>>> print(open('entry.csv').read())   # CSV, C-alpha atoms and all ligand atoms
chain,number,residue,atom,x,y,z
A,1,MET,CA,-2.2,-36.4,16.5
A,2,LEU,CA,-0.6,-34.8,13.5
A,3,LYS,CA,2.3,-32.4,14.0
A,4,GLN,CA,0.9,-29.7,11.7
A,5,GLU,CA,3.1,-27.0,13.2
A,6,PHE,CA,6.1,-28.4,11.4
A,7,GLY,CA,4.4,-28.2,8.1
A,8,CYS,CA,5.1,-31.9,8.1
A,9,SER,CA,3.5,-34.8,9.9
A,10,THR,CA,5.1,-37.9,11.4
A,11,LEU,CA,3.7,-41.3,10.3
A,12,THR,CA,5.0,-43.3,13.2
A,13,ASP,CA,1.9,-42.7,15.4
A,14,ILE,CA,-0.8,-43.3,12.8
A,15,PRO,CA,-1.6,-46.8,11.4
A,16,PHE,CA,-3.1,-45.4,8.2
A,17,VAL,CA,-2.3,-42.2,6.5
A,18,ALA,CA,-5.1,-39.7,6.5
A,19,GLU,CA,-6.2,-38.0,3.3
A,20,THR,CA,-5.6,-34.4,4.2
A,21,ILE,CA,-2.4,-34.1,6.1
A,22,MET,CA,-1.0,-31.0,4.5
A,23,PRO,CA,-3.3,-29.6,1.9
A,24,GLU,CA,-1.4,-28.3,-1.1
A,25,PRO,CA,-2.7,-25.3,-2.9
A,26,PHE,CA,-3.5,-27.4,-6.0
A,27,LEU,CA,-6.7,-25.5,-6.8
A,28,SER,CA,-5.2,-22.0,-6.5
A,29,ASP,CA,-2.0,-23.1,-8.3
A,30,MET,CA,-4.0,-24.6,-11.2
A,31,ILE,CA,-6.2,-21.5,-11.5
A,32,HIS,CA,-3.0,-19.4,-11.7
A,33,ALA,CA,-1.5,-21.8,-14.2
A,34,LEU,CA,-4.5,-21.3,-16.5
A,35,ALA,CA,-4.9,-17.6,-15.9
A,36,ASP,CA,-1.3,-16.5,-16.2
A,37,MET,CA,0.8,-16.4,-19.4
A,38,PRO,CA,2.9,-18.5,-19.9
A,39,HIS,CA,0.9,-21.3,-18.2
A,40,ALA,CA,3.1,-23.1,-15.7
A,41,LEU,CA,2.4,-25.5,-12.9
A,42,SER,CA,4.7,-26.9,-10.2
A,43,PRO,CA,5.9,-30.5,-11.0
A,44,LYS,CA,5.1,-31.4,-7.4
A,45,TYR,CA,1.6,-32.0,-8.5
A,46,PHE,CA,2.7,-35.0,-10.6
A,47,TYR,CA,3.0,-37.1,-7.5
A,48,ASP,CA,-0.4,-38.4,-6.5
A,49,GLU,CA,-0.5,-42.2,-6.0
A,50,GLU,CA,-0.8,-42.9,-9.7
A,51,GLY,CA,1.9,-40.3,-10.5
A,52,SER,CA,4.3,-41.9,-8.0
A,53,ARG,CA,3.6,-45.3,-9.5
A,54,LEU,CA,4.2,-43.9,-13.0
A,55,PHE,CA,7.4,-42.2,-11.9
A,56,ASP,CA,8.7,-45.6,-10.6
A,57,ARG,CA,7.9,-47.0,-14.0
A,58,ILE,CA,9.8,-44.2,-15.8
A,59,CYS,CA,12.9,-45.2,-13.7
A,60,GLU,CA,12.7,-48.7,-15.3
A,61,GLN,CA,12.5,-47.4,-18.9
A,62,PRO,CA,15.7,-48.2,-20.9
A,63,GLU,CA,16.0,-44.6,-22.1
A,64,TYR,CA,15.7,-43.1,-18.6
A,65,TYR,CA,19.3,-43.4,-17.5
A,66,PRO,CA,19.5,-41.1,-14.4
A,67,THR,CA,18.1,-43.6,-11.9
A,68,ARG,CA,20.2,-46.5,-13.1
A,69,CYS,CA,23.4,-44.4,-13.3
A,70,GLU,CA,22.8,-42.9,-9.8
A,71,MET,CA,22.1,-46.4,-8.4
A,72,TRP,CA,25.3,-47.6,-10.0
A,73,VAL,CA,27.3,-44.9,-8.3
A,74,LEU,CA,25.5,-45.5,-5.0
A,75,ARG,CA,26.3,-49.2,-5.1
A,76,ALA,CA,29.9,-48.8,-6.4
A,77,CYS,CA,30.8,-46.1,-3.9
A,78,ALA,CA,28.7,-47.2,-1.0
A,79,SER,CA,31.5,-48.0,1.4
A,80,ASP,CA,33.3,-44.7,0.7
A,81,ILE,CA,30.0,-42.8,1.1
A,82,ALA,CA,29.3,-44.7,4.4
A,83,ARG,CA,32.8,-43.6,5.6
A,84,HIS,CA,31.9,-40.0,4.9
A,85,ILE,CA,28.6,-40.4,6.8
A,86,GLY,CA,30.2,-42.2,9.8
A,87,SER,CA,28.3,-43.9,12.6
A,88,HIS,CA,25.3,-42.5,14.6
A,89,ALA,CA,24.2,-40.2,11.9
A,90,GLU,CA,20.7,-39.0,11.2
A,91,ILE,CA,20.0,-39.2,7.4
A,92,VAL,CA,17.3,-36.8,6.2
A,93,GLU,CA,16.1,-37.6,2.7
A,94,TYR,CA,14.2,-34.9,0.8
A,95,GLY,CA,11.6,-36.2,-1.7
A,96,ALA,CA,12.3,-39.8,-0.7
A,97,GLY,CA,9.7,-41.4,-3.0
A,98,SER,CA,10.0,-45.2,-2.9
A,99,LEU,CA,13.1,-45.3,-0.6
A,100,HIS,CA,15.2,-47.4,-3.0
A,101,LYS,CA,18.2,-45.2,-3.1
A,102,ILE,CA,19.0,-45.2,0.6
A,103,ARG,CA,19.4,-49.0,0.6
A,104,PRO,CA,23.0,-49.3,-0.6
A,105,ILE,CA,24.0,-46.7,1.9
A,106,LEU,CA,22.2,-48.5,4.8
A,107,ASP,CA,23.8,-51.7,3.7
A,108,ALA,CA,27.3,-50.2,4.0
A,109,LEU,CA,26.8,-48.2,7.2
A,110,ASP,CA,28.1,-49.4,10.4
A,111,GLY,CA,26.7,-48.2,13.6
A,112,PRO,CA,23.0,-47.5,14.1
A,113,ALA,CA,21.4,-44.8,12.1
A,114,HIS,CA,18.3,-42.7,12.1
A,115,TYR,CA,16.5,-42.2,8.8
A,116,LEU,CA,14.0,-39.4,8.2
A,117,PRO,CA,12.5,-39.7,4.7
A,118,ILE,CA,10.3,-36.7,3.7
A,119,ASP,CA,7.8,-36.9,0.8
A,120,ILE,CA,4.7,-35.3,-0.4
A,121,SER,CA,3.1,-38.5,-1.4
A,122,GLY,CA,1.9,-39.8,1.9
A,123,GLU,CA,0.4,-43.2,1.2
A,124,HIS,CA,3.3,-44.1,-1.1
A,125,LEU,CA,5.8,-43.0,1.6
A,126,ALA,CA,4.0,-45.0,4.4
A,127,ALA,CA,3.9,-48.2,2.3
A,128,SER,CA,7.6,-47.8,1.3
A,129,ALA,CA,8.7,-47.0,4.9
A,130,ARG,CA,6.9,-50.1,6.2
A,131,MET,CA,8.8,-52.3,3.7
A,132,LEU,CA,12.1,-50.6,4.5
A,133,GLN,CA,11.6,-51.1,8.2
A,134,GLU,CA,11.0,-54.8,7.7
A,135,ALA,CA,14.3,-55.1,5.7
A,136,TYR,CA,16.2,-52.9,8.2
A,137,PRO,CA,14.8,-53.6,11.7
A,138,GLU,CA,17.8,-52.1,13.4
A,139,ILE,CA,17.5,-48.6,11.8
A,140,SER,CA,15.0,-46.2,13.3
A,141,ILE,CA,12.8,-44.8,10.5
A,142,ALA,CA,10.6,-41.8,11.0
A,143,PRO,CA,8.9,-40.8,7.8
A,144,LEU,CA,7.6,-37.3,7.4
A,145,ILE,CA,4.8,-36.3,5.0
A,146,GLY,CA,5.2,-32.8,3.6
A,147,ASP,CA,6.4,-30.4,1.0
A,148,TYR,CA,10.1,-30.1,1.8
A,149,THR,CA,10.5,-27.1,-0.5
A,150,GLY,CA,8.4,-25.0,1.9
A,151,HIS,CA,9.6,-23.8,5.2
A,152,LEU,CA,10.2,-27.0,7.2
A,153,ALA,CA,11.4,-27.3,10.8
A,154,LEU,CA,12.8,-30.8,11.4
A,155,PRO,CA,12.2,-32.6,14.7
A,156,GLU,CA,14.9,-32.3,17.3
A,157,LYS,CA,18.0,-34.5,16.7
A,158,PRO,CA,17.9,-37.5,19.0
A,159,THR,CA,20.6,-37.2,21.7
A,160,ASN,CA,22.7,-40.0,20.4
A,161,VAL,CA,22.9,-38.5,17.0
A,162,LYS,CA,26.2,-36.9,16.2
A,163,LYS,CA,25.4,-35.2,12.9
A,164,ARG,CA,22.6,-34.7,10.5
A,165,ILE,CA,23.3,-35.7,6.9
A,166,GLY,CA,21.0,-34.5,4.1
A,167,PHE,CA,20.4,-36.9,1.2
A,168,PHE,CA,18.9,-35.3,-1.9
A,169,PRO,CA,19.2,-37.7,-4.8
A,170,GLY,CA,17.6,-38.1,-8.2
A,171,SER,CA,18.5,-34.6,-9.5
A,172,THR,CA,15.3,-33.3,-8.0
A,173,LEU,CA,17.3,-30.1,-7.4
A,174,GLY,CA,17.1,-29.8,-11.2
A,175,ASN,CA,13.3,-29.1,-10.9
A,176,MET,CA,14.1,-25.7,-9.4
A,177,HIS,CA,15.1,-22.6,-11.2
A,178,PRO,CA,18.7,-21.7,-10.4
A,179,ARG,CA,17.7,-18.9,-8.0
A,180,GLU,CA,15.2,-21.3,-6.3
A,181,ALA,CA,17.9,-24.0,-6.1
A,182,LEU,CA,20.2,-21.5,-4.4
A,183,ARG,CA,17.6,-20.5,-1.9
A,184,PHE,CA,16.8,-24.1,-1.2
A,185,LEU,CA,20.4,-25.1,-0.8
A,186,ARG,CA,20.8,-22.2,1.7
A,187,MET,CA,17.9,-23.6,3.7
A,188,LEU,CA,19.5,-27.0,3.7
A,189,ARG,CA,22.8,-25.5,4.7
A,190,THR,CA,21.1,-24.1,7.8
A,191,GLN,CA,19.3,-27.3,8.6
A,192,LEU,CA,22.4,-29.5,8.2
A,193,HIS,CA,24.7,-27.2,10.2
A,194,GLY,CA,27.6,-29.3,11.4
A,195,GLY,CA,26.8,-32.1,9.0
A,196,ALA,CA,26.8,-32.5,5.3
A,197,LEU,CA,24.6,-32.9,2.2
A,198,LEU,CA,24.9,-35.8,-0.2
A,199,LEU,CA,23.4,-34.4,-3.5
A,200,GLY,CA,22.7,-36.3,-6.7
A,201,VAL,CA,22.5,-34.2,-9.9
A,202,ASP,CA,22.2,-35.1,-13.6
A,203,LEU,CA,25.0,-33.9,-15.9
A,204,ILE,CA,24.9,-32.0,-19.2
A,205,LYS,CA,25.4,-34.5,-22.0
A,206,ASP,CA,24.5,-35.2,-25.7
A,207,PRO,CA,21.1,-33.6,-26.2
A,208,ALA,CA,19.9,-36.8,-28.1
A,209,ILE,CA,20.4,-38.8,-24.9
A,210,LEU,CA,18.6,-36.2,-22.8
A,211,HIS,CA,15.7,-36.1,-25.3
A,212,ALA,CA,15.2,-39.8,-25.4
A,213,ALA,CA,15.1,-40.0,-21.6
A,214,TYR,CA,12.0,-37.8,-21.5
A,215,ASN,CA,10.4,-39.3,-24.6
A,216,ASP,CA,10.5,-43.0,-23.8
A,217,SER,CA,9.1,-45.3,-26.5
A,218,GLN,CA,6.6,-46.9,-24.1
A,219,GLY,CA,5.0,-43.5,-23.5
A,220,VAL,CA,5.4,-43.8,-19.7
A,221,THR,CA,6.7,-40.2,-19.4
A,222,ALA,CA,3.8,-39.0,-21.5
A,223,ALA,CA,1.3,-40.8,-19.2
A,224,PHE,CA,3.1,-39.3,-16.2
A,225,ASN,CA,2.8,-35.8,-17.7
A,226,LEU,CA,-0.8,-36.2,-18.7
A,227,ASN,CA,-1.7,-37.8,-15.3
A,228,VAL,CA,-1.6,-34.3,-13.7
A,229,LEU,CA,-4.7,-33.4,-15.8
A,230,THR,CA,-6.5,-36.6,-14.7
A,231,ARG,CA,-5.7,-35.6,-11.2
A,232,ALA,CA,-7.0,-32.1,-11.7
A,233,ASN,CA,-10.3,-33.5,-13.1
A,234,ARG,CA,-10.7,-35.9,-10.2
A,235,GLU,CA,-9.5,-33.7,-7.3
A,236,LEU,CA,-10.5,-30.2,-8.5
A,237,GLY,CA,-13.6,-31.1,-10.7
A,238,ALA,CA,-11.9,-29.7,-13.8
A,239,ASP,CA,-12.9,-30.9,-17.3
A,240,PHE,CA,-9.6,-31.2,-19.1
A,241,ASP,CA,-10.1,-33.3,-22.3
A,242,LEU,CA,-7.1,-35.6,-22.2
A,243,ASP,CA,-7.2,-36.3,-25.9
A,244,ALA,CA,-6.8,-32.6,-26.5
A,245,PHE,CA,-3.3,-32.5,-25.0
A,246,ALA,CA,0.0,-34.0,-26.1
A,247,HIS,CA,3.1,-34.7,-24.1
A,248,CYS,CA,6.0,-32.5,-25.2
A,249,ALA,CA,9.5,-32.7,-23.8
A,250,PHE,CA,12.7,-31.1,-25.3
A,251,TYR,CA,16.1,-30.0,-24.3
A,252,ASN,CA,16.5,-26.2,-24.0
A,253,ALA,CA,20.2,-26.0,-24.5
A,254,PRO,CA,20.8,-22.3,-23.6
A,255,GLU,CA,19.0,-22.8,-20.4
A,256,HIS,CA,20.6,-26.2,-19.7
A,257,ARG,CA,17.2,-27.8,-19.0
A,258,ILE,CA,14.7,-30.3,-20.2
A,259,GLU,CA,11.3,-28.7,-20.4
A,260,MET,CA,8.1,-30.7,-20.2
A,261,HIS,CA,4.8,-29.3,-21.5
A,262,LEU,CA,1.3,-30.4,-22.1
A,263,MET,CA,0.5,-29.0,-25.6
A,264,CYS,CA,-2.9,-28.1,-26.6
A,265,ARG,CA,-3.8,-30.0,-29.9
A,266,LYS,CA,-7.0,-28.0,-30.6
A,267,PRO,CA,-8.7,-24.9,-29.1
A,268,GLN,CA,-10.0,-25.7,-25.7
A,269,GLU,CA,-12.3,-24.5,-23.0
A,270,ILE,CA,-11.5,-25.6,-19.5
A,271,HIS,CA,-13.9,-25.2,-16.7
A,272,LEU,CA,-12.6,-25.0,-13.2
A,273,ASP,CA,-14.0,-23.6,-10.0
A,274,GLY,CA,-16.9,-21.8,-11.8
A,275,ARG,CA,-14.6,-20.2,-14.3
A,276,CYS,CA,-13.9,-20.8,-17.9
A,277,PHE,CA,-10.4,-20.7,-19.4
A,278,ARG,CA,-9.5,-20.8,-23.1
A,279,MET,CA,-6.4,-22.4,-24.5
A,280,SER,CA,-5.5,-22.1,-28.2
A,281,GLN,CA,-4.0,-24.7,-30.5
A,282,GLY,CA,-0.3,-25.0,-29.8
A,283,GLU,CA,-0.4,-23.2,-26.5
A,284,THR,CA,1.2,-25.2,-23.6
A,285,LEU,CA,0.9,-25.8,-19.9
A,286,HIS,CA,4.6,-25.9,-18.7
A,287,THR,CA,4.7,-28.8,-16.2
A,288,GLU,CA,8.4,-29.3,-15.4
A,289,ASN,CA,11.9,-28.1,-15.8
A,290,SER,CA,14.7,-30.5,-15.3
A,291,TYR,CA,18.0,-28.6,-15.1
A,292,LYS,CA,21.3,-30.3,-16.0
A,293,PHE,CA,24.6,-29.4,-14.4
A,294,THR,CA,28.3,-29.5,-14.9
A,295,ILE,CA,30.3,-30.7,-11.9
A,296,GLY,CA,32.1,-27.3,-11.7
A,297,GLY,CA,28.8,-25.4,-11.9
A,298,LEU,CA,27.2,-27.4,-9.2
A,299,ARG,CA,30.2,-26.9,-6.9
A,300,THR,CA,30.1,-23.2,-7.5
A,301,LEU,CA,26.3,-23.1,-6.7
A,302,ALA,CA,26.9,-25.2,-3.5
A,303,SER,CA,29.7,-22.8,-2.4
A,304,GLU,CA,27.4,-19.8,-2.9
A,305,ALA,CA,24.9,-21.5,-0.6
A,306,GLY,CA,27.6,-21.8,2.1
A,307,PHE,CA,28.6,-25.5,1.6
A,308,VAL,CA,32.1,-26.6,1.2
A,309,PRO,CA,32.2,-29.0,-1.8
A,310,ALA,CA,34.3,-32.1,-1.2
A,311,THR,CA,34.2,-35.5,-2.9
A,312,VAL,CA,32.4,-36.1,-6.2
A,313,TRP,CA,31.5,-39.6,-7.4
A,314,THR,CA,30.3,-40.4,-10.9
A,315,ASP,CA,29.7,-43.3,-13.2
A,316,PRO,CA,32.3,-44.2,-15.8
A,317,ASP,CA,30.4,-42.4,-18.6
A,318,ARG,CA,29.9,-39.3,-16.5
A,319,MET,CA,26.2,-39.4,-16.9
A,320,PHE,CA,25.3,-38.6,-13.3
A,321,SER,CA,27.1,-37.2,-10.3
A,322,LEU,CA,26.9,-37.5,-6.5
A,323,HIS,CA,28.4,-34.6,-4.4
A,324,TRP,CA,29.6,-34.6,-0.8
A,325,LEU,CA,29.0,-31.0,0.4
A,326,ASP,CA,30.2,-30.2,3.9
A,327,ALA,CA,28.1,-27.9,6.1
A,328,PRO,CA,30.7,-26.8,8.7
A,329,GLU,CA,29.8,-25.5,12.2
B,401,LIG,C1,12.4,-36.6,-10.3
B,401,LIG,C2,12.7,-34.4,-11.1
B,401,LIG,C3,14.5,-35.9,-11.2
B,401,LIG,O1,13.5,-34.5,-13.9
B,401,LIG,O2,14.2,-36.4,-14.4
B,401,LIG,C4,11.3,-37.9,-15.0
B,401,LIG,C5,11.2,-36.3,-13.0
B,401,LIG,N1,10.2,-36.1,-15.2
B,401,LIG,N2,10.8,-37.9,-16.2
B,401,LIG,C6,13.5,-35.7,-13.8
B,401,LIG,C7,10.9,-36.7,-14.4
B,401,LIG,C8,10.1,-36.8,-16.3
B,401,LIG,C9,12.7,-36.3,-12.7
B,401,LIG,N3,13.1,-35.8,-11.3
>>> encode(input="entry.csv", output="structure tokens")
Amino acid sequence: MLKQEFGCSTLTDIPFVAETIMPEPFLSDMIHALADMPHALSPKYFYDEEGSRLFDRICEQPEYYPTRCEMWVLRACASDIARHIGSHAEIVEYGAGSLHKIRPILDALDGPAHYLPIDISGEHLAASARMLQEAYPEISIAPLIGDYTGHLALPEKPTNVKKRIGFFPGSTLGNMHPREALRFLRMLRTQLHGGALLLGVDLIKDPAILHAAYNDSQGVTAAFNLNVLTRANRELGADFDLDAFAHCAFYNAPEHRIEMHLMCRKPQEIHLDGRCFRMSQGETLHTENSYKFTIGGLRTLASEAGFVPATVWTDPDRMFSLHWLDAPE
């Protein structure tokens, strides 16, 4: 029933999403995070059901400008973006989440389109896809559950599809270390051969604005960060004491990135999988990097990956950028 060989599963033939579609190595990654120095865990583990809900709430916080700015650009430039996409395209969205960002594009497209949203958070994706399908009955939507950062073979293009357009919004590329980002863009370049990539990335700006975006006054980002420990306690049987950790996010200017950590407030023993790990006061578990870009820097990176950078769209304050990157035959 599930197409495991793709490292991805289609949702179209299953009424309810099963629990274990593609097991992520959460246990072994968490053991490594605790055993290795410095302690670091992939941000993909934020996105259980609760984490996906918290992320959607982050996007509504006044300090978190990226989503609002990107949506502004998507709406303001939708008809131009739709012209770039053309008709009979297949749009593949990587890390699609709640499927909000594709809407202005679908509204502006003329000619039928195929939409393949890929996300790691299966139930959330399924629910979002059902809602989107109701709003856009004429578009064929085929959600895929999986980790798009891994090796991923997409299903064959339907015969009436002229080209495949990748959509990677939200500055999720910024979660990757630059060498990872290059490797990932090269993989997309191969997948999108003959089409293009529409890529959204956050721009370097006043560090105070960056800092506020990851330290919202309602504490939603803090809850999002800490939720990964709640998830580990529930899913892995760990015994993280949530009161012993503090959310910590700051802009590392030389590295052009926001770093999120969970900082140990007092000496800790953590039990996991029959082992005991110690963390001392002030030690951190590094949970996320969020790299920020210049327009020129991003275009250089894309060129190194084999794309041909074309149009760039931004908001008036140049907070966020959307890039059209051609992937010629
Ligand atoms: C989804 C990776 C783009 O880095 O801004 C938001 C995730 N982390 N607040 C980001 C996030 C903390 C977000 N990305």
>>> closest_atom_pairs(input="entry.csv", of="chain A", to="ligand LIG 401 (chain B)", cutoff="7 Å", atoms="all atoms listed in the file", output="JSON lines")
{"residue": "A:Phe55", "atom": "CA", "partner": "B:LIG401", "partner_atom": "C4", "distance": 6.6}
{"residue": "A:Ile58", "atom": "CA", "partner": "B:LIG401", "partner_atom": "N2", "distance": 6.4}
{"residue": "A:Gly170", "atom": "CA", "partner": "B:LIG401", "partner_atom": "C3", "distance": 4.8}
{"residue": "A:Ser171", "atom": "CA", "partner": "B:LIG401", "partner_atom": "C3", "distance": 4.5}
{"residue": "A:Thr172", "atom": "CA", "partner": "B:LIG401", "partner_atom": "C2", "distance": 4.2}
{"residue": "A:Gly174", "atom": "CA", "partner": "B:LIG401", "partner_atom": "C2", "distance": 6.4}
{"residue": "A:Asn175", "atom": "CA", "partner": "B:LIG401", "partner_atom": "C2", "distance": 5.3}
{"residue": "A:Tyr214", "atom": "CA", "partner": "B:LIG401", "partner_atom": "N2", "distance": 5.4}
{"residue": "A:Thr221", "atom": "CA", "partner": "B:LIG401", "partner_atom": "N2", "distance": 5.7}
{"residue": "A:Asn289", "atom": "CA", "partner": "B:LIG401", "partner_atom": "O1", "distance": 6.9}
{"residue": "A:Ser290", "atom": "CA", "partner": "B:LIG401", "partner_atom": "O1", "distance": 4.4}
>>> write_last_selection(input="entry.csv", atoms="C-alpha atoms", output="short mmCIF file (atom, residue, chain, number, x, y, z; two decimals), keeping the file's coordinate frame")
data_model
loop_
_atom_site.label_atom_id
_atom_site.label_comp_id
_atom_site.auth_asym_id
_atom_site.auth_seq_id
_atom_site.Cartn_x
_atom_site.Cartn_y
_atom_site.Cartn_z
CA PHE A 55 7.40 -42.20 -11.90
CA ILE A 58 9.80 -44.20 -15.80
CA GLY A 170 17.60 -38.10 -8.20
CA SER A 171 18.50 -34.60 -9.50
CA THR A 172 15.30 -33.30 -8.00
CA GLY A 174 17.10 -29.80 -11.20
CA ASN A 175 13.30 -29.10 -10.90
CA TYR A 214 12.00 -37.80 -21.50
CA THR A 221 6.70 -40.20 -19.40
CA ASN A 289 11.90 -28.10 -15.80
CA SER A 290 14.70 -30.50 -15.30
#
>>> closest_residue(input="entry.csv", among="A:Ile295, A:Ala82, A:Ile105, A:Ala142", to="Lys205 of chain A", atoms="all atoms listed in the file")
A:Ile295
>>> atom_distance(input="entry.csv", atom1="atom CA of Ser140 of chain A", atom2="atom CA of Val92 of chain A")
12.0 Å
>>> closest_residue(input="entry.csv", among="A:Ser52, A:Ser87, A:Thr300, A:Asn233", to="Leu125 of chain A", atoms="only C-alpha atoms")
A:Ser52
>>> residues_around(input="entry.csv", residues="Trp313 of chain A", least_positions_apart="2", cutoff="8 Å", atoms="all atoms listed in the file", output="PDB file with C-alpha atoms, in the frame of the given file")
ATOM      1  CA  VAL A  73      27.300 -44.900  -8.300  1.00  0.00           C
ATOM      2  CA  CYS A  77      30.800 -46.100  -3.900  1.00  0.00           C
ATOM      3  CA  THR A 311      34.200 -35.500  -2.900  1.00  0.00           C
ATOM      4  CA  ASP A 315      29.700 -43.300 -13.200  1.00  0.00           C
ATOM      5  CA  SER A 321      27.100 -37.200 -10.300  1.00  0.00           C
ATOM      6  CA  LEU A 322      26.900 -37.500  -6.500  1.00  0.00           C
ATOM      7  CA  HIS A 323      28.400 -34.600  -4.400  1.00  0.00           C
TER       8      HIS A 323
END
>>> atom_distance(input="entry.csv", atom1="atom CA of Lys101 of chain A", atom2="atom CA of Tyr47 of chain A")
17.8 Å
>>> residues_around(input="entry.csv", residues="segment 254-261 of chain A", least_positions_apart="4", cutoff="6 Å", atoms="all atoms listed in the file", output="ChimeraX atom specification")
/A:248-250,284-292
>>> closest_residue(input="entry.csv", among="A:Gly297, A:Pro112, A:Gly306, A:Gly122", to="Ile141 of chain A", atoms="all atoms listed in the file")
A:Pro112
>>> build_atoms(input="entry.csv", residues="segment 77-98 of chain A", atoms="N, CA and C atoms", output="PDB file, in the coordinates of the input")
ATOM      1  N   CYS A  77      30.089 -46.953  -4.855  1.00  0.00           N
ATOM      2  CA  CYS A  77      30.800 -46.100  -3.900  1.00  0.00           C
ATOM      3  C   CYS A  77      30.254 -46.149  -2.515  1.00  0.00           C
ATOM      4  N   ALA A  78      29.390 -47.140  -2.252  1.00  0.00           N
ATOM      5  CA  ALA A  78      28.700 -47.200  -1.000  1.00  0.00           C
ATOM      6  C   ALA A  78      29.604 -47.158   0.234  1.00  0.00           C
ATOM      7  N   SER A  79      30.704 -47.920   0.177  1.00  0.00           N
ATOM      8  CA  SER A  79      31.500 -48.000   1.400  1.00  0.00           C
ATOM      9  C   SER A  79      32.241 -46.639   1.614  1.00  0.00           C
ATOM     10  N   ASP A  80      32.632 -45.975   0.521  1.00  0.00           N
ATOM     11  CA  ASP A  80      33.300 -44.700   0.700  1.00  0.00           C
ATOM     12  C   ASP A  80      32.241 -43.635   1.186  1.00  0.00           C
ATOM     13  N   ILE A  81      31.015 -43.703   0.644  1.00  0.00           N
ATOM     14  CA  ILE A  81      30.000 -42.800   1.100  1.00  0.00           C
ATOM     15  C   ILE A  81      29.675 -43.060   2.596  1.00  0.00           C
ATOM     16  N   ALA A  82      29.606 -44.333   2.958  1.00  0.00           N
ATOM     17  CA  ALA A  82      29.300 -44.700   4.400  1.00  0.00           C
ATOM     18  C   ALA A  82      30.438 -44.160   5.282  1.00  0.00           C
ATOM     19  N   ARG A  83      31.680 -44.184   4.800  1.00  0.00           N
ATOM     20  CA  ARG A  83      32.800 -43.600   5.600  1.00  0.00           C
ATOM     21  C   ARG A  83      32.590 -42.130   5.803  1.00  0.00           C
ATOM     22  N   HIS A  84      32.131 -41.442   4.771  1.00  0.00           N
ATOM     23  CA  HIS A  84      31.900 -40.000   4.900  1.00  0.00           C
ATOM     24  C   HIS A  84      30.746 -39.757   5.937  1.00  0.00           C
ATOM     25  N   ILE A  85      29.750 -40.632   5.930  1.00  0.00           N
ATOM     26  CA  ILE A  85      28.600 -40.400   6.800  1.00  0.00           C
ATOM     27  C   ILE A  85      28.996 -40.738   8.275  1.00  0.00           C
ATOM     28  N   GLY A  86      29.759 -41.795   8.469  1.00  0.00           N
ATOM     29  CA  GLY A  86      30.200 -42.200   9.800  1.00  0.00           C
ATOM     30  C   GLY A  86      29.063 -42.910  10.555  1.00  0.00           C
ATOM     31  N   SER A  87      29.259 -43.137  11.840  1.00  0.00           N
ATOM     32  CA  SER A  87      28.300 -43.900  12.600  1.00  0.00           C
ATOM     33  C   SER A  87      27.380 -42.875  13.387  1.00  0.00           C
ATOM     34  N   HIS A  88      26.237 -43.359  13.854  1.00  0.00           N
ATOM     35  CA  HIS A  88      25.300 -42.500  14.600  1.00  0.00           C
ATOM     36  C   HIS A  88      24.879 -41.262  13.934  1.00  0.00           C
ATOM     37  N   ALA A  89      24.673 -41.375  12.643  1.00  0.00           N
ATOM     38  CA  ALA A  89      24.200 -40.200  11.900  1.00  0.00           C
ATOM     39  C   ALA A  89      22.712 -40.238  11.745  1.00  0.00           C
ATOM     40  N   GLU A  90      22.149 -39.070  11.531  1.00  0.00           N
ATOM     41  CA  GLU A  90      20.700 -39.000  11.200  1.00  0.00           C
ATOM     42  C   GLU A  90      20.686 -38.584   9.700  1.00  0.00           C
ATOM     43  N   ILE A  91      20.093 -39.439   8.873  1.00  0.00           N
ATOM     44  CA  ILE A  91      20.000 -39.200   7.400  1.00  0.00           C
ATOM     45  C   ILE A  91      18.612 -38.632   7.112  1.00  0.00           C
ATOM     46  N   VAL A  92      18.564 -37.426   6.575  1.00  0.00           N
ATOM     47  CA  VAL A  92      17.300 -36.800   6.200  1.00  0.00           C
ATOM     48  C   VAL A  92      17.217 -36.845   4.669  1.00  0.00           C
ATOM     49  N   GLU A  93      16.242 -37.581   4.133  1.00  0.00           N
ATOM     50  CA  GLU A  93      16.100 -37.600   2.700  1.00  0.00           C
ATOM     51  C   GLU A  93      14.953 -36.781   2.206  1.00  0.00           C
ATOM     52  N   TYR A  94      15.230 -35.863   1.292  1.00  0.00           N
ATOM     53  CA  TYR A  94      14.200 -34.900   0.800  1.00  0.00           C
ATOM     54  C   TYR A  94      13.598 -35.459  -0.492  1.00  0.00           C
ATOM     55  N   GLY A  95      12.277 -35.642  -0.482  1.00  0.00           N
ATOM     56  CA  GLY A  95      11.600 -36.200  -1.700  1.00  0.00           C
ATOM     57  C   GLY A  95      11.943 -37.633  -1.872  1.00  0.00           C
ATOM     58  N   ALA A  96      11.760 -38.407  -0.802  1.00  0.00           N
ATOM     59  CA  ALA A  96      12.300 -39.800  -0.700  1.00  0.00           C
ATOM     60  C   ALA A  96      11.648 -40.777  -1.634  1.00  0.00           C
ATOM     61  N   GLY A  97      10.404 -40.546  -2.041  1.00  0.00           N
ATOM     62  CA  GLY A  97       9.700 -41.400  -3.000  1.00  0.00           C
ATOM     63  C   GLY A  97       9.616 -42.868  -2.453  1.00  0.00           C
ATOM     64  N   SER A  98      10.181 -43.808  -3.203  1.00  0.00           N
ATOM     65  CA  SER A  98      10.000 -45.200  -2.900  1.00  0.00           C
ATOM     66  C   SER A  98      11.110 -45.785  -1.970  1.00  0.00           C
TER      67      SER A  98
END
